[in-house]
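File shown here: query.tsv, holding TSV, C-alpha atoms.
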chain	number	residue	atom	x	y	z
A	1	MET	CA	2.86	-56.19	-71.29
A	2	ASN	CA	1.75	-59.33	-69.43
A	3	ILE	CA	-1.90	-60.26	-68.81
A	4	THR	CA	-1.74	-59.32	-65.10
A	5	SER	CA	-0.57	-55.76	-65.84
A	6	TRP	CA	-3.24	-55.38	-68.51
A	7	ARG	CA	-5.97	-56.41	-66.04
A	8	TRP	CA	-4.76	-53.90	-63.46
A	9	MET	CA	-4.86	-51.08	-66.01
A	10	VAL	CA	-8.40	-51.92	-67.14
A	11	CYS	CA	-9.79	-52.29	-63.62
A	12	GLY	CA	-8.05	-49.13	-62.42
A	13	GLY	CA	-9.42	-47.15	-65.36
A	14	LEU	CA	-12.97	-48.35	-64.70
A	15	ALA	CA	-12.75	-47.45	-61.00
A	16	ILE	CA	-11.52	-43.93	-61.78
A	17	GLY	CA	-14.28	-43.49	-64.35
A	18	VAL	CA	-17.02	-44.58	-61.92
A	19	ALA	CA	-15.67	-42.30	-59.18
A	20	SER	CA	-15.55	-39.34	-61.60
A	21	LEU	CA	-19.15	-39.92	-62.67
A	22	ALA	CA	-20.26	-40.07	-59.03
A	23	LEU	CA	-18.55	-36.75	-58.27
A	24	LEU	CA	-20.12	-35.11	-61.30
A	25	ALA	CA	-23.58	-36.38	-60.33
A	26	HIS	CA	-23.20	-35.04	-56.80
A	27	ALA	CA	-22.04	-31.63	-58.03
A	28	ALA	CA	-25.03	-31.37	-60.38
A	29	GLU	CA	-27.55	-32.18	-57.67
A	30	PRO	CA	-29.72	-29.08	-57.03
A	31	ALA	CA	-29.89	-27.48	-53.59
A	32	GLY	CA	-33.06	-28.30	-51.71
A	33	GLN	CA	-33.47	-31.77	-53.22
A	34	VAL	CA	-34.55	-34.43	-50.74
A	35	ARG	CA	-31.73	-36.96	-50.75
A	36	GLN	CA	-31.88	-40.63	-49.76
A	37	GLY	CA	-29.38	-42.62	-47.74
A	38	GLY	CA	-27.76	-42.63	-44.32
A	39	ALA	CA	-26.81	-39.77	-42.03
A	40	THR	CA	-23.33	-38.44	-41.34
A	41	GLY	CA	-21.98	-36.43	-38.42
A	42	ALA	CA	-19.11	-36.08	-35.99
A	43	GLU	CA	-20.15	-37.82	-32.80
A	44	GLY	CA	-19.24	-35.98	-29.62
A	45	ALA	CA	-18.67	-32.54	-31.14
A	46	ASN	CA	-19.90	-29.66	-29.01
A	47	ILE	CA	-21.75	-26.48	-29.88
A	48	LYS	CA	-20.36	-23.49	-28.00
A	49	PHE	CA	-22.00	-20.07	-28.03
A	50	THR	CA	-22.83	-16.96	-26.04
A	51	GLU	CA	-26.47	-16.92	-24.95
A	52	ARG	CA	-28.19	-13.55	-24.47
A	53	ARG	CA	-31.21	-13.13	-22.20
A	54	ARG	CA	-33.12	-10.23	-20.68
A	55	ALA	CA	-33.49	-9.94	-16.91
A	56	GLU	CA	-35.09	-7.35	-14.66
A	57	LYS	CA	-32.73	-5.77	-12.17
A	58	GLU	CA	-33.62	-2.86	-9.90
A	59	GLY	CA	-36.62	-1.99	-12.04
A	60	LYS	CA	-34.68	-2.08	-15.31
A	61	VAL	CA	-34.53	-4.81	-17.97
A	62	GLU	CA	-30.93	-5.53	-18.85
A	63	SER	CA	-29.12	-7.82	-21.26
A	64	VAL	CA	-27.35	-10.75	-19.59
A	65	GLU	CA	-24.89	-13.01	-21.43
A	66	LYS	CA	-23.33	-16.34	-20.54
A	67	ALA	CA	-21.23	-19.00	-22.22
A	68	VAL	CA	-23.12	-22.18	-23.12
A	69	GLU	CA	-21.90	-25.53	-24.39
A	70	TRP	CA	-24.18	-28.27	-25.75
A	71	ALA	CA	-23.26	-31.74	-26.96
A	72	GLY	CA	-23.87	-31.88	-30.71
A	73	PRO	CA	-25.64	-35.29	-30.76
A	74	GLU	CA	-28.02	-34.02	-28.05
A	75	THR	CA	-28.98	-30.92	-30.09
A	76	ALA	CA	-31.64	-30.35	-32.75
A	77	LEU	CA	-32.01	-27.46	-35.17
A	78	ILE	CA	-35.67	-26.70	-35.87
A	79	ILE	CA	-36.33	-24.69	-39.03
A	80	VAL	CA	-39.78	-23.10	-38.77
A	81	ASP	CA	-41.88	-22.23	-41.84
A	82	MET	CA	-39.06	-21.18	-44.14
A	83	TRP	CA	-41.36	-21.51	-47.15
A	84	ASP	CA	-40.53	-21.11	-50.83
A	85	LYS	CA	-43.07	-18.28	-51.11
A	86	HIS	CA	-45.14	-16.16	-48.72
A	87	TRP	CA	-48.34	-14.25	-49.46
A	88	CYS	CA	-46.45	-11.06	-48.51
A	89	ALA	CA	-43.78	-10.15	-51.08
A	90	GLY	CA	-41.62	-8.45	-48.45
A	91	ALA	CA	-41.74	-11.53	-46.25
A	92	THR	CA	-40.75	-13.73	-49.20
A	93	GLN	CA	-37.76	-11.50	-49.94
A	94	ARG	CA	-36.51	-11.37	-46.35
A	95	ALA	CA	-36.87	-15.13	-45.86
A	96	GLY	CA	-35.01	-15.68	-49.11
A	97	GLU	CA	-32.13	-13.59	-47.81
A	98	ILE	CA	-31.69	-15.67	-44.65
A	99	ALA	CA	-32.34	-19.10	-46.25
A	100	PRO	CA	-28.70	-19.68	-47.36
A	101	LYS	CA	-27.53	-18.78	-43.85
A	102	VAL	CA	-30.04	-21.24	-42.37
A	103	ASN	CA	-28.56	-23.87	-44.66
A	104	GLU	CA	-25.03	-23.10	-43.43
A	105	LEU	CA	-26.16	-23.47	-39.81
A	106	ALA	CA	-27.83	-26.78	-40.67
A	107	LYS	CA	-24.57	-28.02	-42.20
A	108	ALA	CA	-22.67	-27.12	-39.03
A	109	VAL	CA	-25.16	-28.78	-36.68
A	110	ARG	CA	-25.23	-31.93	-38.85
A	111	GLY	CA	-21.44	-31.99	-38.82
A	112	LYS	CA	-21.51	-32.12	-35.02
A	113	GLY	CA	-23.95	-35.03	-34.96
A	114	GLY	CA	-27.09	-32.94	-34.39
A	115	LEU	CA	-30.59	-33.54	-35.74
A	116	ILE	CA	-32.11	-31.19	-38.34
A	117	ILE	CA	-35.90	-30.86	-38.35
A	118	HIS	CA	-37.50	-29.06	-41.29
A	119	GLY	CA	-40.90	-27.64	-40.41
A	120	PRO	CA	-42.51	-26.05	-43.49
A	121	SER	CA	-46.10	-26.21	-42.23
A	122	ASP	CA	-48.89	-27.07	-44.70
A	123	CYS	CA	-46.31	-28.63	-47.05
A	124	MET	CA	-46.12	-32.24	-45.86
A	125	LYS	CA	-47.56	-33.52	-49.15
A	126	PHE	CA	-44.41	-32.39	-50.96
A	127	TYR	CA	-42.27	-34.61	-48.70
A	128	GLU	CA	-44.57	-37.62	-48.50
A	129	GLY	CA	-42.76	-40.86	-49.28
A	130	THR	CA	-39.29	-39.53	-48.41
A	131	PRO	CA	-37.09	-41.05	-45.66
A	132	GLN	CA	-37.02	-37.64	-43.96
A	133	ARG	CA	-40.80	-37.56	-43.60
A	134	ALA	CA	-40.88	-41.23	-42.56
A	135	LEU	CA	-38.28	-40.57	-39.86
A	136	ALA	CA	-40.67	-38.20	-38.09
A	137	LYS	CA	-43.82	-40.26	-38.67
A	138	ASP	CA	-42.28	-43.54	-37.56
A	139	ALA	CA	-40.55	-42.42	-34.36
A	140	PRO	CA	-41.92	-44.42	-31.39
A	141	ARG	CA	-44.62	-42.63	-29.46
A	142	SER	CA	-43.59	-40.97	-26.23
A	143	SER	CA	-45.61	-39.04	-23.64
A	144	PRO	CA	-44.53	-35.39	-23.11
A	145	PRO	CA	-44.62	-33.86	-19.61
A	146	VAL	CA	-47.19	-31.30	-20.79
A	147	ALA	CA	-49.90	-32.36	-23.22
A	148	LEU	CA	-50.20	-30.64	-26.57
A	149	LYS	CA	-53.07	-28.16	-26.79
A	150	GLY	CA	-52.69	-26.98	-30.36
A	151	TRP	CA	-51.42	-23.56	-31.38
A	152	ARG	CA	-49.66	-21.77	-28.52
A	153	TYR	CA	-51.21	-18.31	-28.38
A	154	LEU	CA	-49.93	-15.35	-26.35
A	155	ASP	CA	-49.76	-16.50	-22.71
A	156	LEU	CA	-50.28	-13.51	-20.43
A	157	THR	CA	-49.68	-15.70	-17.38
A	158	ARG	CA	-46.12	-16.13	-18.60
A	159	GLU	CA	-45.30	-13.14	-20.81
A	160	GLY	CA	-46.20	-9.51	-21.46
A	161	VAL	CA	-48.05	-8.29	-24.54
A	162	LEU	CA	-46.05	-8.34	-27.75
A	163	PRO	CA	-44.14	-5.10	-28.36
A	164	ILE	CA	-45.54	-4.76	-31.91
A	165	ASP	CA	-49.07	-4.50	-33.28
A	166	ASP	CA	-49.49	-7.26	-35.87
A	167	LYS	CA	-53.30	-7.36	-36.03
A	168	ASP	CA	-53.28	-6.20	-39.67
A	169	GLY	CA	-51.31	-9.30	-40.71
A	170	GLY	CA	-47.96	-7.57	-40.74
A	171	CYS	CA	-47.41	-6.89	-44.44
A	172	ASP	CA	-45.47	-3.63	-44.87
A	173	CYS	CA	-45.47	-3.60	-48.68
A	174	ASP	CA	-46.86	-0.62	-50.58
A	175	PRO	CA	-49.42	-1.41	-51.84
A	176	ARG	CA	-50.31	-4.11	-49.31
A	177	CYS	CA	-50.32	-7.71	-50.50
A	178	ALA	CA	-53.66	-9.53	-50.41
A	179	GLN	CA	-53.98	-12.07	-47.61
A	180	PRO	CA	-55.08	-15.61	-48.63
A	181	LYS	CA	-58.73	-16.57	-48.39
A	182	ASN	CA	-60.12	-19.98	-47.47
A	183	LYS	CA	-56.66	-21.16	-46.38
A	184	ILE	CA	-55.35	-21.24	-49.95
A	185	TYR	CA	-51.69	-20.45	-49.37
A	186	PRO	CA	-48.95	-19.80	-51.94
A	187	TRP	CA	-46.29	-21.93	-50.23
A	188	SER	CA	-45.69	-25.51	-51.39
A	189	ARG	CA	-42.37	-26.55	-49.82
A	190	GLU	CA	-39.40	-25.29	-47.84
A	191	ASN	CA	-37.16	-22.71	-49.49
A	192	PRO	CA	-35.01	-24.74	-51.93
A	193	ALA	CA	-31.85	-22.98	-50.71
A	194	ILE	CA	-32.15	-25.14	-47.58
A	195	GLU	CA	-31.00	-28.69	-48.23
A	196	VAL	CA	-32.98	-31.64	-46.86
A	197	LEU	CA	-30.35	-34.33	-46.41
A	198	PRO	CA	-30.07	-37.93	-45.19
A	199	GLY	CA	-30.74	-38.19	-41.47
A	200	ASP	CA	-32.88	-35.03	-41.38
A	201	ALA	CA	-36.56	-35.12	-40.44
A	202	VAL	CA	-39.57	-33.27	-41.86
A	203	SER	CA	-42.56	-32.50	-39.64
A	204	GLN	CA	-45.15	-29.88	-38.78
A	205	ASP	CA	-46.42	-31.68	-35.69
A	206	GLY	CA	-45.26	-31.16	-32.12
A	207	ALA	CA	-46.08	-34.73	-31.10
A	208	GLU	CA	-43.83	-36.10	-33.86
A	209	VAL	CA	-41.04	-33.74	-32.85
A	210	TYR	CA	-41.31	-34.80	-29.21
A	211	ASN	CA	-41.19	-38.46	-30.28
A	212	LEU	CA	-38.03	-37.77	-32.26
A	213	PHE	CA	-36.44	-35.96	-29.34
A	214	ALA	CA	-37.19	-38.90	-27.03
A	215	GLN	CA	-35.96	-41.46	-29.56
A	216	LYS	CA	-32.67	-39.68	-30.24
A	217	GLY	CA	-31.94	-38.31	-26.78
A	218	ILE	CA	-32.29	-34.66	-27.76
A	219	LYS	CA	-32.02	-32.23	-24.83
A	220	HIS	CA	-31.34	-28.92	-26.59
A	221	ALA	CA	-33.01	-27.07	-29.48
A	222	ILE	CA	-31.84	-24.25	-31.71
A	223	VAL	CA	-34.84	-22.56	-33.33
A	224	CYS	CA	-34.75	-20.40	-36.46
A	225	GLY	CA	-37.15	-19.35	-39.20
A	226	VAL	CA	-40.21	-17.18	-39.59
A	227	HIS	CA	-42.14	-15.43	-38.30
A	228	LEU	CA	-41.06	-14.81	-34.73
A	229	ASN	CA	-44.21	-13.05	-33.51
A	230	MET	CA	-46.37	-15.81	-34.99
A	231	CYS	CA	-45.16	-19.31	-36.01
A	232	VAL	CA	-41.76	-19.35	-34.29
A	233	LEU	CA	-43.46	-18.75	-30.95
A	234	GLY	CA	-46.82	-20.42	-31.58
A	235	ARG	CA	-46.33	-23.65	-33.54
A	236	THR	CA	-46.65	-26.89	-31.58
A	237	PHE	CA	-42.98	-27.64	-32.34
A	238	ALA	CA	-41.68	-24.15	-31.62
A	239	ILE	CA	-40.50	-21.96	-28.75
A	240	ARG	CA	-43.43	-21.77	-26.32
A	241	GLN	CA	-44.13	-25.51	-26.50
A	242	LEU	CA	-40.50	-26.63	-26.41
A	243	THR	CA	-39.85	-24.41	-23.39
A	244	ASP	CA	-42.86	-25.85	-21.55
A	245	TRP	CA	-41.45	-29.31	-22.25
A	246	LYS	CA	-38.30	-28.22	-20.38
A	247	PHE	CA	-35.92	-28.49	-23.30
A	248	ASP	CA	-33.02	-26.05	-23.46
A	249	VAL	CA	-33.97	-23.64	-26.24
A	250	VAL	CA	-32.06	-20.88	-27.99
A	251	LEU	CA	-33.25	-18.63	-30.82
A	252	ALA	CA	-30.86	-17.95	-33.71
A	253	ARG	CA	-31.68	-14.26	-33.63
A	254	ASP	CA	-30.14	-13.32	-36.98
A	255	LEU	CA	-32.06	-16.10	-38.76
A	256	THR	CA	-35.58	-14.91	-38.05
A	257	ASP	CA	-38.01	-12.17	-39.09
A	258	THR	CA	-41.39	-10.79	-38.04
A	259	MET	CA	-44.65	-9.98	-39.74
A	260	TYR	CA	-44.74	-6.32	-38.79
A	261	ASN	CA	-45.98	-3.26	-40.64
A	262	HIS	CA	-43.99	-0.16	-39.71
A	263	GLN	CA	-47.18	1.92	-40.06
A	264	CYS	CA	-48.52	0.23	-36.92
A	265	ALA	CA	-47.49	0.66	-33.27
A	266	PRO	CA	-44.80	1.22	-32.14
A	267	PHE	CA	-44.21	2.92	-35.55
A	268	VAL	CA	-40.58	1.88	-35.95
A	269	PRO	CA	-38.71	0.47	-38.98
A	270	HIS	CA	-39.36	-3.19	-39.72
A	271	ALA	CA	-35.92	-4.33	-38.52
A	272	LYS	CA	-36.42	-2.52	-35.21
A	273	GLY	CA	-39.80	-4.20	-34.78
A	274	THR	CA	-38.09	-7.58	-35.19
A	275	GLU	CA	-35.45	-6.58	-32.62
A	276	LEU	CA	-38.20	-5.73	-30.13
A	277	VAL	CA	-39.79	-9.18	-30.52
A	278	ILE	CA	-36.38	-10.85	-30.10
A	279	GLU	CA	-35.98	-8.94	-26.83
A	280	HIS	CA	-39.47	-10.10	-25.80
A	281	VAL	CA	-38.46	-13.72	-26.39
A	282	GLU	CA	-35.20	-13.24	-24.49
A	283	ARG	CA	-37.06	-11.85	-21.51
A	284	TYR	CA	-39.95	-14.30	-21.27
A	285	TRP	CA	-39.08	-17.53	-23.08
A	286	CYS	CA	-35.50	-18.37	-24.02
A	287	GLY	CA	-32.12	-16.93	-24.80
A	288	SER	CA	-30.77	-16.07	-28.23
A	289	ALA	CA	-27.47	-16.40	-30.05
A	290	VAL	CA	-25.98	-15.44	-33.40
A	291	SER	CA	-25.74	-18.15	-36.04
A	292	ALA	CA	-22.02	-17.59	-36.65
A	293	GLU	CA	-21.28	-18.73	-33.10
A	294	LEU	CA	-23.73	-21.63	-33.26
A	295	ALA	CA	-22.09	-22.80	-36.49
A	296	ARG	CA	-18.52	-22.26	-35.30
Re-express the file's structure as structure tokens.
Amino acid sequence: MNITSWRWMVCGGLAIGVASLALLAHAAEPAGQVRQGGATGAEGANIKFTERRRAEKEGKVESVEKAVEWAGPETALIIVDMWDKHWCAGATQRAGEIAPKVNELAKAVRGKGGLIIHGPSDCMKFYEGTPQRALAKDAPRSSPPVALKGWRYLDLTREGVLPIDDKDGGCDCDPRCAQPKNKIYPWSRENPAIEVLPGDAVSQDGAEVYNLFAQKGIKHAIVCGVHLNMCVLGRTFAIRQLTDWKFDVVLARDLTDTMYNHQCAPFVPHAKGTELVIEHVERYWCGSAVSAELAR
């Protein structure tokens, strides 16, 4: 064997070994870890889905569907308050069931060049110092068409009363779970089944989200997470505010839940209570779609 052949064998063996170690390290990386590095995505890919809304016709509220197509790089997925743990055990369980599906939708939107915004409110300390948190904090300031006014409460000038009674907090466990006192909450981060990857952003602030939208040319928003009758409607980066800012908004209706106790009006099973709030959103705020279509 000559010296040139020997060198090729050694170098080739080292390259294969390094590549194998990199693959093993990636495979061992736990879901939910905040990763460093640059973003990936297929520029120009479109998101096609069937949007469902509610419209009044001849005194009756009917379901209306239409085909919608959004450019992937002009679309953001906003994940609202998908915490690792809720004060209500039932809420924790239901959110845990949809978290892997939220992650699959995030993968699809990323793959089409879209922006993923993780919004686990009250948990910014966990993400401090990460590129994902810095991305939201450092986006250039931009002035929205409607100024932020804090939490977006029920707006009776725009919508009817909610179809469920959630004044008791919405826990339907038996016995009821104790609600937190003095704002000491059990959540510390987003559900670890949802990956926070390079190019994603982390924020709980509507102003930061608007800045990101302006910086990246975002025109459309897919919203998912919990809870629809509370945070998903009321947060400063969620449905009511985004709609007032004239963004196109769609709710991923199978990736949400409500805080509703079936022992309160209208005295229906929990899943039915959630369906009623989805219909409320479709009638007064924005359309909805199923995640399988959004991720297709």
What separates atom CA of A:Arg54 and atom CA of A:Leu228 is a distance of 16.8 Å
Measuring atom to atom with only C-alpha atoms, identify which of A:Ala55, A:Ile164, A:Ile117, A:Val290 is nearest to A:Phe267.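 Answer, going by the shortest atom-to-atom distance: A:Ile164.
In this structure, atom CA of A:Lys60 sits 16.5 Å away from atom CA of A:Val281.
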Write out as a ChimeraX atom specification each polymer residue whose atoms come within 12 Å of A:Arg283, counting all atoms listed in the file; drop sequence neighbours fewer than 6 positions from it. /A:52-57,60-64,158-163,276-277
Considering only C-alpha atoms, return as JSON, numbers by chain whatever protein or nucleic-acid residues lie within 7 Å of stretch 79-96 of chain A, sequence-local ones (same chain, fewer than 2 positions apart) excluded. {"A": [77, 98, 99, 117, 118, 119, 120, 121, 171, 173, 177, 179, 180, 186, 187, 188, 189, 190, 191, 192, 223, 224, 225, 226, 232]}
May I have the residues within 10 Å of A:Thr274 as a ChimeraX atom specification, using all atoms listed in the file and disregarding those fewer than 2 positions away in the same chain? /A:163-164,227-229,253-254,256-260,268-272,276-280
Please report, as lines of an AutoDock Vina configuration file, the centre and edge lengths in Å to one decimal of an axis-aligned box covering all listed atoms of stretch 222-236 of chain A with 4 Å per side.
center_x = -39.3
center_y = -20.0
center_z = -35.3
size_x = 23.0
size_y = 21.8
size_z = 16.6
Cut-off 12 Å around (-22.5, -29.7, -40.0) with only C-alpha atoms: residues as a PDB file with C-alpha atoms, keeping the file's coordinate frame:
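Once everything was written out, this is result_19.pdb:
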ATOM      1  CA  ALA A  39     -26.810 -39.770 -42.030  1.00  0.00           C
ATOM      2  CA  THR A  40     -23.330 -38.440 -41.340  1.00  0.00           C
ATOM      3  CA  GLY A  41     -21.980 -36.430 -38.420  1.00  0.00           C
ATOM      4  CA  ALA A  42     -19.110 -36.080 -35.990  1.00  0.00           C
ATOM      5  CA  GLU A  43     -20.150 -37.820 -32.800  1.00  0.00           C
ATOM      6  CA  ALA A  45     -18.670 -32.540 -31.140  1.00  0.00           C
ATOM      7  CA  ASN A  46     -19.900 -29.660 -29.010  1.00  0.00           C
ATOM      8  CA  ILE A  47     -21.750 -26.480 -29.880  1.00  0.00           C
ATOM      9  CA  GLY A  72     -23.870 -31.880 -30.710  1.00  0.00           C
ATOM     10  CA  PRO A  73     -25.640 -35.290 -30.760  1.00  0.00           C
ATOM     11  CA  THR A  75     -28.980 -30.920 -30.090  1.00  0.00           C
ATOM     12  CA  ALA A  76     -31.640 -30.350 -32.750  1.00  0.00           C
ATOM     13  CA  LEU A  77     -32.010 -27.460 -35.170  1.00  0.00           C
ATOM     14  CA  VAL A 102     -30.040 -21.240 -42.370  1.00  0.00           C
ATOM     15  CA  ASN A 103     -28.560 -23.870 -44.660  1.00  0.00           C
ATOM     16  CA  GLU A 104     -25.030 -23.100 -43.430  1.00  0.00           C
ATOM     17  CA  LEU A 105     -26.160 -23.470 -39.810  1.00  0.00           C
ATOM     18  CA  ALA A 106     -27.830 -26.780 -40.670  1.00  0.00           C
ATOM     19  CA  LYS A 107     -24.570 -28.020 -42.200  1.00  0.00           C
ATOM     20  CA  ALA A 108     -22.670 -27.120 -39.030  1.00  0.00           C
ATOM     21  CA  VAL A 109     -25.160 -28.780 -36.680  1.00  0.00           C
ATOM     22  CA  ARG A 110     -25.230 -31.930 -38.850  1.00  0.00           C
ATOM     23  CA  GLY A 111     -21.440 -31.990 -38.820  1.00  0.00           C
ATOM     24  CA  LYS A 112     -21.510 -32.120 -35.020  1.00  0.00           C
ATOM     25  CA  GLY A 113     -23.950 -35.030 -34.960  1.00  0.00           C
ATOM     26  CA  GLY A 114     -27.090 -32.940 -34.390  1.00  0.00           C
ATOM     27  CA  LEU A 115     -30.590 -33.540 -35.740  1.00  0.00           C
ATOM     28  CA  ILE A 116     -32.110 -31.190 -38.340  1.00  0.00           C
ATOM     29  CA  GLU A 195     -31.000 -28.690 -48.230  1.00  0.00           C
ATOM     30  CA  LEU A 197     -30.350 -34.330 -46.410  1.00  0.00           C
ATOM     31  CA  GLY A 199     -30.740 -38.190 -41.470  1.00  0.00           C
ATOM     32  CA  ASP A 200     -32.880 -35.030 -41.380  1.00  0.00           C
ATOM     33  CA  LEU A 294     -23.730 -21.630 -33.260  1.00  0.00           C
ATOM     34  CA  ALA A 295     -22.090 -22.800 -36.490  1.00  0.00           C
ATOM     35  CA  ARG A 296     -18.520 -22.260 -35.300  1.00  0.00           C
TER      36      ARG A 296
END
Quick one, how far is atom CA of A:Pro266 from atom CA of A:Glu51?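 If I compute the distance from atom CA of A:Pro266 to atom CA of A:Glu51, I get 26.8 Å.
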With all atoms listed in the file as the atoms that count, which of A:Ala201, A:Ile184, A:Leu148, A:Ala139 lies nearest to A:Tyr127?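 Smallest distance to A:Tyr127 is found for A:Ala201.
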With distances taken over only C-alpha atoms, which of A:Lys101, A:Val196, A:Glu69, A:Lys246 is nearest to A:Ala292?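 Of A:Lys101, A:Val196, A:Glu69, A:Lys246, the one nearest A:Ala292 is A:Lys101, counting only C-alpha atoms.
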Name all residues at most 10 Å from A:Tyr153 (count only C-alpha atoms; drop same-chain ones fewer than 6 positions away) and give them as a VMD selection string. chain A and resid 230 to 231 233 to 235 240
Mind checking which residues fall within 8 Å of A:Val250, counting all atoms listed in the file, ignoring those fewer than 6 positions away in the same chain, and posting them as a short mmCIF file (atom, residue, chain, number, x, y, z; two decimals) with C-alpha atoms, keeping the file's coordinate frame?
data_model
loop_
_atom_site.label_atom_id
_atom_site.label_comp_id
_atom_site.auth_asym_id
_atom_site.auth_seq_id
_atom_site.Cartn_x
_atom_site.Cartn_y
_atom_site.Cartn_z
CA GLU A 51 -26.47 -16.92 -24.95
CA ALA A 221 -33.01 -27.07 -29.48
CA ILE A 222 -31.84 -24.25 -31.71
CA VAL A 223 -34.84 -22.56 -33.33
CA CYS A 286 -35.50 -18.37 -24.02
CA GLY A 287 -32.12 -16.93 -24.80
CA SER A 288 -30.77 -16.07 -28.23
CA ALA A 289 -27.47 -16.40 -30.05
#
Counting only C-alpha atoms, which residues in stretch 210-285 of chain A sit no more than 9 Å from stretch 141-144 of chain A? For each one, give the nearest pair of atoms and the distance in Å, sorted by chain then residue number, as a Markdown table.
| residue | atom | partner | partner_atom | distance |
| --- | --- | --- | --- | --- |
| A:Tyr210 | CA | A:Pro144 | CA | 6.9 |
| A:Asn211 | CA | A:Ser142 | CA | 5.3 |
| A:Leu212 | CA | A:Arg141 | CA | 8.7 |
| A:Ala214 | CA | A:Ser142 | CA | 6.8 |
| A:Gln215 | CA | A:Ser142 | CA | 8.3 |
| A:Trp245 | CA | A:Pro144 | CA | 6.9 |
Those same residues, written as an mmCIF file, in the frame of the given file with C-alpha atoms?
data_model
loop_
_atom_site.group_PDB
_atom_site.id
_atom_site.type_symbol
_atom_site.label_atom_id
_atom_site.label_comp_id
_atom_site.auth_asym_id
_atom_site.auth_seq_id
_atom_site.Cartn_x
_atom_site.Cartn_y
_atom_site.Cartn_z
ATOM 1 C CA TYR A 210 -41.310 -34.800 -29.210
ATOM 2 C CA ASN A 211 -41.190 -38.460 -30.280
ATOM 3 C CA LEU A 212 -38.030 -37.770 -32.260
ATOM 4 C CA ALA A 214 -37.190 -38.900 -27.030
ATOM 5 C CA GLN A 215 -35.960 -41.460 -29.560
ATOM 6 C CA TRP A 245 -41.450 -29.310 -22.250
#
With all atoms listed in the file as the atoms that count, which of A:Ala178, A:Glu74, A:Asp244, A:Cys264 lies nearest to A:Ala147?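 Among the listed residues, the smallest separation from A:Ala147 belongs to A:Asp244.
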